[in-house]
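The block underneath contains the structure these notes are about, expressed in structure tokens.
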Amino acid sequence: MSSWTLQGKKALITGGTKGIGLAIAREYLELGAEVLVIARNTKTIQGKVKHSANLFTYEGDLNDPDFRKELVKRVSENWGKLDVLVNNVGTNIRKKFIEYSEEEIRQLFETNLFSMLQLTHACHPLLQKSGHASVINIASVAGMVDVQSGPPYGMTKAAIIQLTRHLAAEWSADQIRVNAISPWYIETPLTEPVLSQPDRLEKIIARTPLGRVGKPEEVASLAAYLAMDKSSYITGQNISVDGGMSVKGL
């Protein structure tokens with residue numbers, strides 16, 4: 001049997017019914033993992049994946065502390081451990097900084113940062129029981145450079161990248177690896193409003209050495225590798241999936 005596998009792994013993916021999260025769920029299932037997808041509406045994933053016998057879903061709002069508590073309880077009762085945690089759920093409101101209301105800023109921080117921070121905290125005992133767990137945080141190049149996606153979004157992603165570094169060091173004694181993936185523009189429902197604008201798309205492609213936007217599967221392949229035991233010496237890293245955008249000069 002190939003060692004390029006997730007056979008026997010138990011993985012929790014937040015926001016796994018569309019875009020990058022769905023692509024990761026598909027990849028994990030193809031590689032033999034048992035996958036629990038969390039979303040407000042999980043019905044949309046039905047019929048979109050193969051190997052559905054290993055797919056489990058649980059509906060709810062990760063911003064709700066009671067839901068997070070019940071989620072961790074269910075994982076503990078059904079699996080007893082957690083091998084892979086993919087913090088993918090996120091949203092955005094694109095506008096100039098002075099146009100945001102305080103409520104909108106708080107909403108972005110609650111959804112993109114605080115909910116994943118608290119879920120990761122609560123999952124620590126389950127990850128520790130794995131003995132070789134992997135936490136994968138979906139960040140963004142917006143957490144490193146300005147990509148005109150709105151300051152609050154970039155701030156939440158920058159915080160996720162820094163959290164990744166801290167937890168990688170702190171949780172290494174528990175054999176828990178923590179890494180981040182930072183995509184550039186990927187073809188997803190979240191980016192469709194931007195990519196559908198010809199002028200914006202032209203600027204994005206001009207800024208990308210590979211000359212195109214990315215596909216969800218190109219992020220999922222990295223998420224699969226970071227979940228494998230093959231990547232057992234990689235932790236604390238933030239890896240960009242950006243077609244070379246972040247290294248391009250003038």
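Please note that chains go A, B, ... in the order of the structure tokens, that every chain numbers its residues from 1, and that ligands are numbered from 1 in the order shown.
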7 Å contact set for Gly154 (chain A), only C-alpha atoms, chain neighbours under 3 positions out, as a PDB file with N, CA, C and O atoms, in the first residue's frame:
```
ATOM      1  N   ALA A 142      -3.568  37.635   2.044  1.00  0.00           N
ATOM      2  CA  ALA A 142      -4.024  38.924   2.578  1.00  0.00           C
ATOM      3  C   ALA A 142      -3.520  39.153   3.992  1.00  0.00           C
ATOM      4  O   ALA A 142      -3.522  40.290   4.474  1.00  0.00           O
ATOM      5  N   GLY A 143      -3.069  38.088   4.652  1.00  0.00           N
ATOM      6  CA  GLY A 143      -2.486  38.224   5.976  1.00  0.00           C
ATOM      7  C   GLY A 143      -1.032  38.652   5.951  1.00  0.00           C
ATOM      8  O   GLY A 143      -0.428  38.892   6.993  1.00  0.00           O
ATOM      9  N   GLY A 150      -9.797  44.263   1.972  1.00  0.00           N
ATOM     10  CA  GLY A 150     -10.352  44.860   3.179  1.00  0.00           C
ATOM     11  C   GLY A 150      -9.452  44.612   4.376  1.00  0.00           C
ATOM     12  O   GLY A 150      -9.069  43.463   4.625  1.00  0.00           O
ATOM     13  N   PRO A 151      -9.102  45.664   5.138  1.00  0.00           N
ATOM     14  CA  PRO A 151      -8.189  45.509   6.275  1.00  0.00           C
ATOM     15  C   PRO A 151      -8.632  44.493   7.327  1.00  0.00           C
ATOM     16  O   PRO A 151      -7.802  43.708   7.787  1.00  0.00           O
ATOM     17  N   LYS A 157      -6.514  37.118   9.103  1.00  0.00           N
ATOM     18  CA  LYS A 157      -5.647  36.105   8.510  1.00  0.00           C
ATOM     19  C   LYS A 157      -4.213  36.236   9.031  1.00  0.00           C
ATOM     20  O   LYS A 157      -3.514  35.226   9.212  1.00  0.00           O
ATOM     21  N   ALA A 158      -3.765  37.457   9.267  1.00  0.00           N
ATOM     22  CA  ALA A 158      -2.435  37.654   9.849  1.00  0.00           C
ATOM     23  C   ALA A 158      -2.375  37.045  11.251  1.00  0.00           C
ATOM     24  O   ALA A 158      -1.375  36.421  11.634  1.00  0.00           O
TER      25      ALA A 158
END
```
- Message: Need to verify the contact set: Val86 (chain A), 12 Å, only C-alpha atoms, exclusion of same-chain residues closer than 3 positions in sequence. Can you return it as a PyMOL selection string?
- Response: chain A and resi 10-16+20-22+24-25+28+35-38+82-83+89-90+116-117+119-120+123+127+133-139+177-181+220+222-224+226-227
Open item on the list: Can you pull out the residues contacting Lys18 (chain A)? Cut-off 10 Å, using only C-alpha atoms, and skip same-chain residues under 6 positions away; I want them as a ChimeraX atom specification.
Closed with: /A:24-25,39,42,44-45,48,188-190,216
Taking a cut-off of 12 Å and counting only C-alpha atoms, can you build a table that, for each residue of region 68-171 of chain A near region 194-199 of chain A, reports the nearest atom pair and how far apart they are in Å (one decimal), sorted by chain then residue number, as a Markdown table?
```
| residue | atom | partner | partner_atom | distance |
| --- | --- | --- | --- | --- |
| A:Asn92 | CA | A:Val194 | CA | 11.7 |
| A:Ile93 | CA | A:Val194 | CA | 11.6 |
| A:Arg94 | CA | A:Val194 | CA | 9.5 |
| A:Lys95 | CA | A:Val194 | CA | 11.9 |
| A:Val147 | CA | A:Val194 | CA | 11.6 |
| A:Gln148 | CA | A:Val194 | CA | 10.5 |
| A:Ser149 | CA | A:Val194 | CA | 9.5 |
```
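For region 210-213 of chain A, the non-local neighbours within 7 Å, defined as residues at least 2 positions apart in the same chain or in other chains and counting only C-alpha atoms, are Tyr185, Ile186, Glu187, Ile205, Ala206, Thr208, Lys215, Gly243 and Gly244 of chain A.
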Original post:
Closest to Thr164 (chain A) among A:Glu104, A:Ser232, A:Trp184, A:Asn87, using only C-alpha atoms?
Top reply: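 Among A:Glu104, A:Ser232, A:Trp184, A:Asn87, it is A:Asn87 that comes nearest to Thr164 (chain A).
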So which bits of region 47-233 of chain A end up strand (DSSP E) when you DSSP the backbone, as a PDB file with N, CA, C and O atoms, in the first residue's frame?
```pdb
ATOM      1  N   LEU A  55     -18.008   9.810   5.004  1.00  0.00           N
ATOM      2  CA  LEU A  55     -18.336  11.222   5.205  1.00  0.00           C
ATOM      3  C   LEU A  55     -19.407  11.377   6.266  1.00  0.00           C
ATOM      4  O   LEU A  55     -20.456  10.727   6.227  1.00  0.00           O
ATOM      5  N   PHE A  56     -19.143  12.254   7.226  1.00  0.00           N
ATOM      6  CA  PHE A  56     -20.102  12.568   8.279  1.00  0.00           C
ATOM      7  C   PHE A  56     -20.291  14.079   8.301  1.00  0.00           C
ATOM      8  O   PHE A  56     -19.365  14.838   7.996  1.00  0.00           O
ATOM      9  N   THR A  57     -21.487  14.526   8.627  1.00  0.00           N
ATOM     10  CA  THR A  57     -21.764  15.958   8.645  1.00  0.00           C
ATOM     11  C   THR A  57     -22.453  16.346   9.954  1.00  0.00           C
ATOM     12  O   THR A  57     -23.115  15.529  10.593  1.00  0.00           O
ATOM     13  N   TYR A  58     -22.261  17.606  10.302  1.00  0.00           N
ATOM     14  CA  TYR A  58     -22.905  18.137  11.508  1.00  0.00           C
ATOM     15  C   TYR A  58     -23.183  19.611  11.254  1.00  0.00           C
ATOM     16  O   TYR A  58     -22.266  20.377  10.963  1.00  0.00           O
ATOM     17  N   GLU A  59     -24.435  19.981  11.332  1.00  0.00           N
ATOM     18  CA  GLU A  59     -24.839  21.354  11.036  1.00  0.00           C
ATOM     19  C   GLU A  59     -24.825  22.232  12.276  1.00  0.00           C
ATOM     20  O   GLU A  59     -25.256  21.822  13.351  1.00  0.00           O
ATOM     21  N   VAL A  84      -6.752  15.065  12.404  1.00  0.00           N
ATOM     22  CA  VAL A  84      -6.569  16.245  11.553  1.00  0.00           C
ATOM     23  C   VAL A  84      -7.693  17.244  11.821  1.00  0.00           C
ATOM     24  O   VAL A  84      -8.865  16.883  11.803  1.00  0.00           O
ATOM     25  N   LEU A  85      -7.319  18.481  12.054  1.00  0.00           N
ATOM     26  CA  LEU A  85      -8.284  19.581  12.191  1.00  0.00           C
ATOM     27  C   LEU A  85      -7.968  20.608  11.119  1.00  0.00           C
ATOM     28  O   LEU A  85      -6.860  21.162  11.078  1.00  0.00           O
ATOM     29  N   VAL A  86      -8.933  20.853  10.229  1.00  0.00           N
ATOM     30  CA  VAL A  86      -8.766  21.862   9.184  1.00  0.00           C
ATOM     31  C   VAL A  86      -9.685  23.038   9.500  1.00  0.00           C
ATOM     32  O   VAL A  86     -10.903  22.930   9.418  1.00  0.00           O
ATOM     33  N   ASN A  87      -9.082  24.146   9.891  1.00  0.00           N
ATOM     34  CA  ASN A  87      -9.828  25.373  10.183  1.00  0.00           C
ATOM     35  C   ASN A  87      -9.969  26.163   8.891  1.00  0.00           C
ATOM     36  O   ASN A  87      -9.092  26.952   8.522  1.00  0.00           O
ATOM     37  N   ALA A 133      -0.954  14.244  15.421  1.00  0.00           N
ATOM     38  CA  ALA A 133      -2.026  15.064  14.841  1.00  0.00           C
ATOM     39  C   ALA A 133      -1.480  16.210  13.996  1.00  0.00           C
ATOM     40  O   ALA A 133      -0.322  16.619  14.125  1.00  0.00           O
ATOM     41  N   SER A 134      -2.371  16.719  13.148  1.00  0.00           N
ATOM     42  CA  SER A 134      -2.026  17.850  12.287  1.00  0.00           C
ATOM     43  C   SER A 134      -3.167  18.860  12.292  1.00  0.00           C
ATOM     44  O   SER A 134      -4.317  18.504  12.011  1.00  0.00           O
ATOM     45  N   VAL A 135      -2.845  20.100  12.610  1.00  0.00           N
ATOM     46  CA  VAL A 135      -3.797  21.201  12.508  1.00  0.00           C
ATOM     47  C   VAL A 135      -3.409  22.022  11.286  1.00  0.00           C
ATOM     48  O   VAL A 135      -2.248  22.405  11.125  1.00  0.00           O
ATOM     49  N   ILE A 136      -4.382  22.256  10.414  1.00  0.00           N
ATOM     50  CA  ILE A 136      -4.133  23.007   9.182  1.00  0.00           C
ATOM     51  C   ILE A 136      -5.061  24.211   9.152  1.00  0.00           C
ATOM     52  O   ILE A 136      -6.290  24.065   9.108  1.00  0.00           O
ATOM     53  N   ASN A 137      -4.493  25.387   9.226  1.00  0.00           N
ATOM     54  CA  ASN A 137      -5.256  26.631   9.245  1.00  0.00           C
ATOM     55  C   ASN A 137      -5.245  27.267   7.854  1.00  0.00           C
ATOM     56  O   ASN A 137      -4.182  27.537   7.303  1.00  0.00           O
ATOM     57  N   ILE A 138      -6.430  27.487   7.304  1.00  0.00           N
ATOM     58  CA  ILE A 138      -6.508  28.148   6.003  1.00  0.00           C
ATOM     59  C   ILE A 138      -6.480  29.655   6.231  1.00  0.00           C
ATOM     60  O   ILE A 138      -7.453  30.245   6.711  1.00  0.00           O
ATOM     61  N   ILE A 176       1.705  17.397  18.091  1.00  0.00           N
ATOM     62  CA  ILE A 176       0.694  18.050  17.261  1.00  0.00           C
ATOM     63  C   ILE A 176       1.408  19.061  16.365  1.00  0.00           C
ATOM     64  O   ILE A 176       2.020  20.000  16.859  1.00  0.00           O
ATOM     65  N   ARG A 177       1.336  18.834  15.071  1.00  0.00           N
ATOM     66  CA  ARG A 177       1.909  19.785  14.131  1.00  0.00           C
ATOM     67  C   ARG A 177       0.852  20.816  13.742  1.00  0.00           C
ATOM     68  O   ARG A 177      -0.334  20.499  13.646  1.00  0.00           O
ATOM     69  N   VAL A 178       1.286  22.054  13.533  1.00  0.00           N
ATOM     70  CA  VAL A 178       0.366  23.136  13.174  1.00  0.00           C
ATOM     71  C   VAL A 178       0.972  23.923  12.023  1.00  0.00           C
ATOM     72  O   VAL A 178       2.073  24.461  12.131  1.00  0.00           O
ATOM     73  N   ASN A 179       0.247  23.980  10.905  1.00  0.00           N
ATOM     74  CA  ASN A 179       0.703  24.717   9.733  1.00  0.00           C
ATOM     75  C   ASN A 179      -0.435  25.544   9.146  1.00  0.00           C
ATOM     76  O   ASN A 179      -1.611  25.283   9.423  1.00  0.00           O
ATOM     77  N   ALA A 180      -0.081  26.533   8.353  1.00  0.00           N
ATOM     78  CA  ALA A 180      -1.066  27.383   7.689  1.00  0.00           C
ATOM     79  C   ALA A 180      -0.867  27.324   6.182  1.00  0.00           C
ATOM     80  O   ALA A 180       0.252  27.146   5.693  1.00  0.00           O
ATOM     81  N   ILE A 181      -1.965  27.478   5.465  1.00  0.00           N
ATOM     82  CA  ILE A 181      -1.938  27.592   4.012  1.00  0.00           C
ATOM     83  C   ILE A 181      -2.524  28.942   3.645  1.00  0.00           C
ATOM     84  O   ILE A 181      -3.610  29.301   4.106  1.00  0.00           O
ATOM     85  N   SER A 182      -1.800  29.693   2.831  1.00  0.00           N
ATOM     86  CA  SER A 182      -2.255  31.029   2.441  1.00  0.00           C
ATOM     87  C   SER A 182      -2.504  31.090   0.940  1.00  0.00           C
ATOM     88  O   SER A 182      -1.572  31.284   0.146  1.00  0.00           O
ATOM     89  N   PRO A 183      -3.751  30.943   0.516  1.00  0.00           N
ATOM     90  CA  PRO A 183      -4.061  31.036  -0.907  1.00  0.00           C
ATOM     91  C   PRO A 183      -4.130  32.492  -1.371  1.00  0.00           C
ATOM     92  O   PRO A 183      -4.381  33.407  -0.598  1.00  0.00           O
TER      93      PRO A 183
END
```
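The space between CA of Ala159 (chain A) and CA of Gln107 (chain A) spans 15.3 Å.
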Considering only C-alpha atoms, state which residue in the set A:Thr156, A:Gln162, A:Ser140, A:Asn63 is at the smallest distance from Ser115 (chain A).
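Using only C-alpha atoms, Ser115 (chain A) sits closest to A:Asn63.
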DSSP on the backbone: which residues in region 101-136 of chain A end up as alpha helix (DSSP H)? Give the answer as an NGL selection string.
:A and (102-109 or 115-130)
Store the residues picked out above in a file with N, CA and C atoms, as a CSV table (one decimal), in the first residue's frame.
```csv
chain,number,residue,atom,x,y,z
A,102,GLU,N,-18.7,49.1,13.1
A,102,GLU,CA,-18.1,48.3,14.2
A,102,GLU,C,-18.6,46.9,14.2
A,103,GLU,N,-19.9,46.8,13.9
A,103,GLU,CA,-20.6,45.5,13.9
A,103,GLU,C,-20.0,44.6,12.8
A,104,GLU,N,-19.7,45.1,11.6
A,104,GLU,CA,-19.1,44.3,10.5
A,104,GLU,C,-17.7,43.9,10.9
A,105,ILE,N,-16.9,44.7,11.5
A,105,ILE,CA,-15.6,44.3,11.9
A,105,ILE,C,-15.6,43.2,12.9
A,106,ARG,N,-16.5,43.3,13.9
A,106,ARG,CA,-16.6,42.3,14.9
A,106,ARG,C,-17.1,41.0,14.3
A,107,GLN,N,-18.0,41.1,13.3
A,107,GLN,CA,-18.5,39.9,12.7
A,107,GLN,C,-17.3,39.1,12.0
A,108,LEU,N,-16.5,39.8,11.3
A,108,LEU,CA,-15.4,39.2,10.6
A,108,LEU,C,-14.4,38.6,11.6
A,109,PHE,N,-14.1,39.3,12.6
A,109,PHE,CA,-13.2,38.7,13.6
A,109,PHE,C,-13.8,37.5,14.3
A,115,SER,N,-13.8,32.1,16.4
A,115,SER,CA,-14.4,30.8,16.4
A,115,SER,C,-13.4,29.7,16.2
A,116,MET,N,-12.5,29.9,15.2
A,116,MET,CA,-11.5,28.8,15.0
A,116,MET,C,-10.5,28.7,16.1
A,117,LEU,N,-10.2,29.9,16.8
A,117,LEU,CA,-9.2,29.8,17.9
A,117,LEU,C,-9.8,29.0,19.0
A,118,GLN,N,-11.1,29.3,19.3
A,118,GLN,CA,-11.8,28.6,20.4
A,118,GLN,C,-12.0,27.1,20.1
A,119,LEU,N,-12.3,26.8,18.9
A,119,LEU,CA,-12.5,25.4,18.5
A,119,LEU,C,-11.2,24.6,18.6
A,120,THR,N,-10.1,25.2,18.1
A,120,THR,CA,-8.8,24.6,18.2
A,120,THR,C,-8.4,24.4,19.7
A,121,HIS,N,-8.7,25.3,20.5
A,121,HIS,CA,-8.4,25.2,21.9
A,121,HIS,C,-9.2,24.0,22.5
A,122,ALA,N,-10.4,23.9,22.2
A,122,ALA,CA,-11.3,22.8,22.7
A,122,ALA,C,-10.9,21.5,22.2
A,123,CYS,N,-10.3,21.4,21.0
A,123,CYS,CA,-9.9,20.1,20.4
A,123,CYS,C,-8.6,19.6,20.8
A,124,HIS,N,-7.8,20.4,21.6
A,124,HIS,CA,-6.5,20.0,22.0
A,124,HIS,C,-6.4,18.6,22.6
A,125,PRO,N,-7.3,18.3,23.6
A,125,PRO,CA,-7.2,16.9,24.2
A,125,PRO,C,-7.4,15.8,23.1
A,126,LEU,N,-8.3,16.0,22.2
A,126,LEU,CA,-8.5,15.0,21.1
A,126,LEU,C,-7.3,14.9,20.2
A,127,LEU,N,-6.7,16.0,19.9
A,127,LEU,CA,-5.6,16.0,19.0
A,127,LEU,C,-4.4,15.4,19.7
A,128,GLN,N,-4.3,15.6,21.0
A,128,GLN,CA,-3.2,15.0,21.8
A,128,GLN,C,-3.3,13.5,21.8
A,129,LYS,N,-4.5,13.0,21.9
A,129,LYS,CA,-4.7,11.5,21.9
A,129,LYS,C,-4.3,10.8,20.6
A,130,SER,N,-4.3,11.6,19.5
A,130,SER,CA,-3.9,11.0,18.2
A,130,SER,C,-2.4,10.5,18.3
```
Practice prompt. Would you please work out which residue, of A:Gly47, A:Ala33, A:Lys230, A:Ala169, is nearest to Thr17 (chain A) when using only C-alpha atoms?
Written response: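 When distances to Thr17 (chain A) are compared using only C-alpha atoms, the smallest one comes from A:Gly47.
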message = One number please: CA of Asp64 (chain A) to CA of Phe114 (chain A), in Å, one decimal.
response =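 If I compute the distance from CA of Asp64 (chain A) to CA of Phe114 (chain A), I get 10.7 Å.
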If you count only C-alpha atoms, the residue of A:Asp242, A:Glu202, A:Glu217, A:Glu110 closest to Pro65 (chain A) turns out to be A:Glu110
The distance between CA of Thr5 (chain A) and CA of Asn112 (chain A) is 29.4 Å
Check: Nearest to Glu218 (chain A) among A:Ser3, A:Arg200, A:Asp66, A:Gly19, with distances taken over only C-alpha atoms: which residue is it?
Finding: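 Checking each candidate against Glu218 (chain A), we get A:Gly19 as the closest.
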Nearest to Tyr233 (chain A) among A:Val75, A:Ile160, A:Leu31, A:Ala168, with distances taken over only C-alpha atoms: which residue is it?
->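 The answer is A:Ala168, which sits nearest to Tyr233 (chain A).
Summary of the local environment: counting only C-alpha atoms, residues at most 10 Å from Gly249 (chain A), other than itself and those fewer than 2 positions away along its chain, are Arg207, Pro209, Met245, Ser246 and Val247 of chain A.
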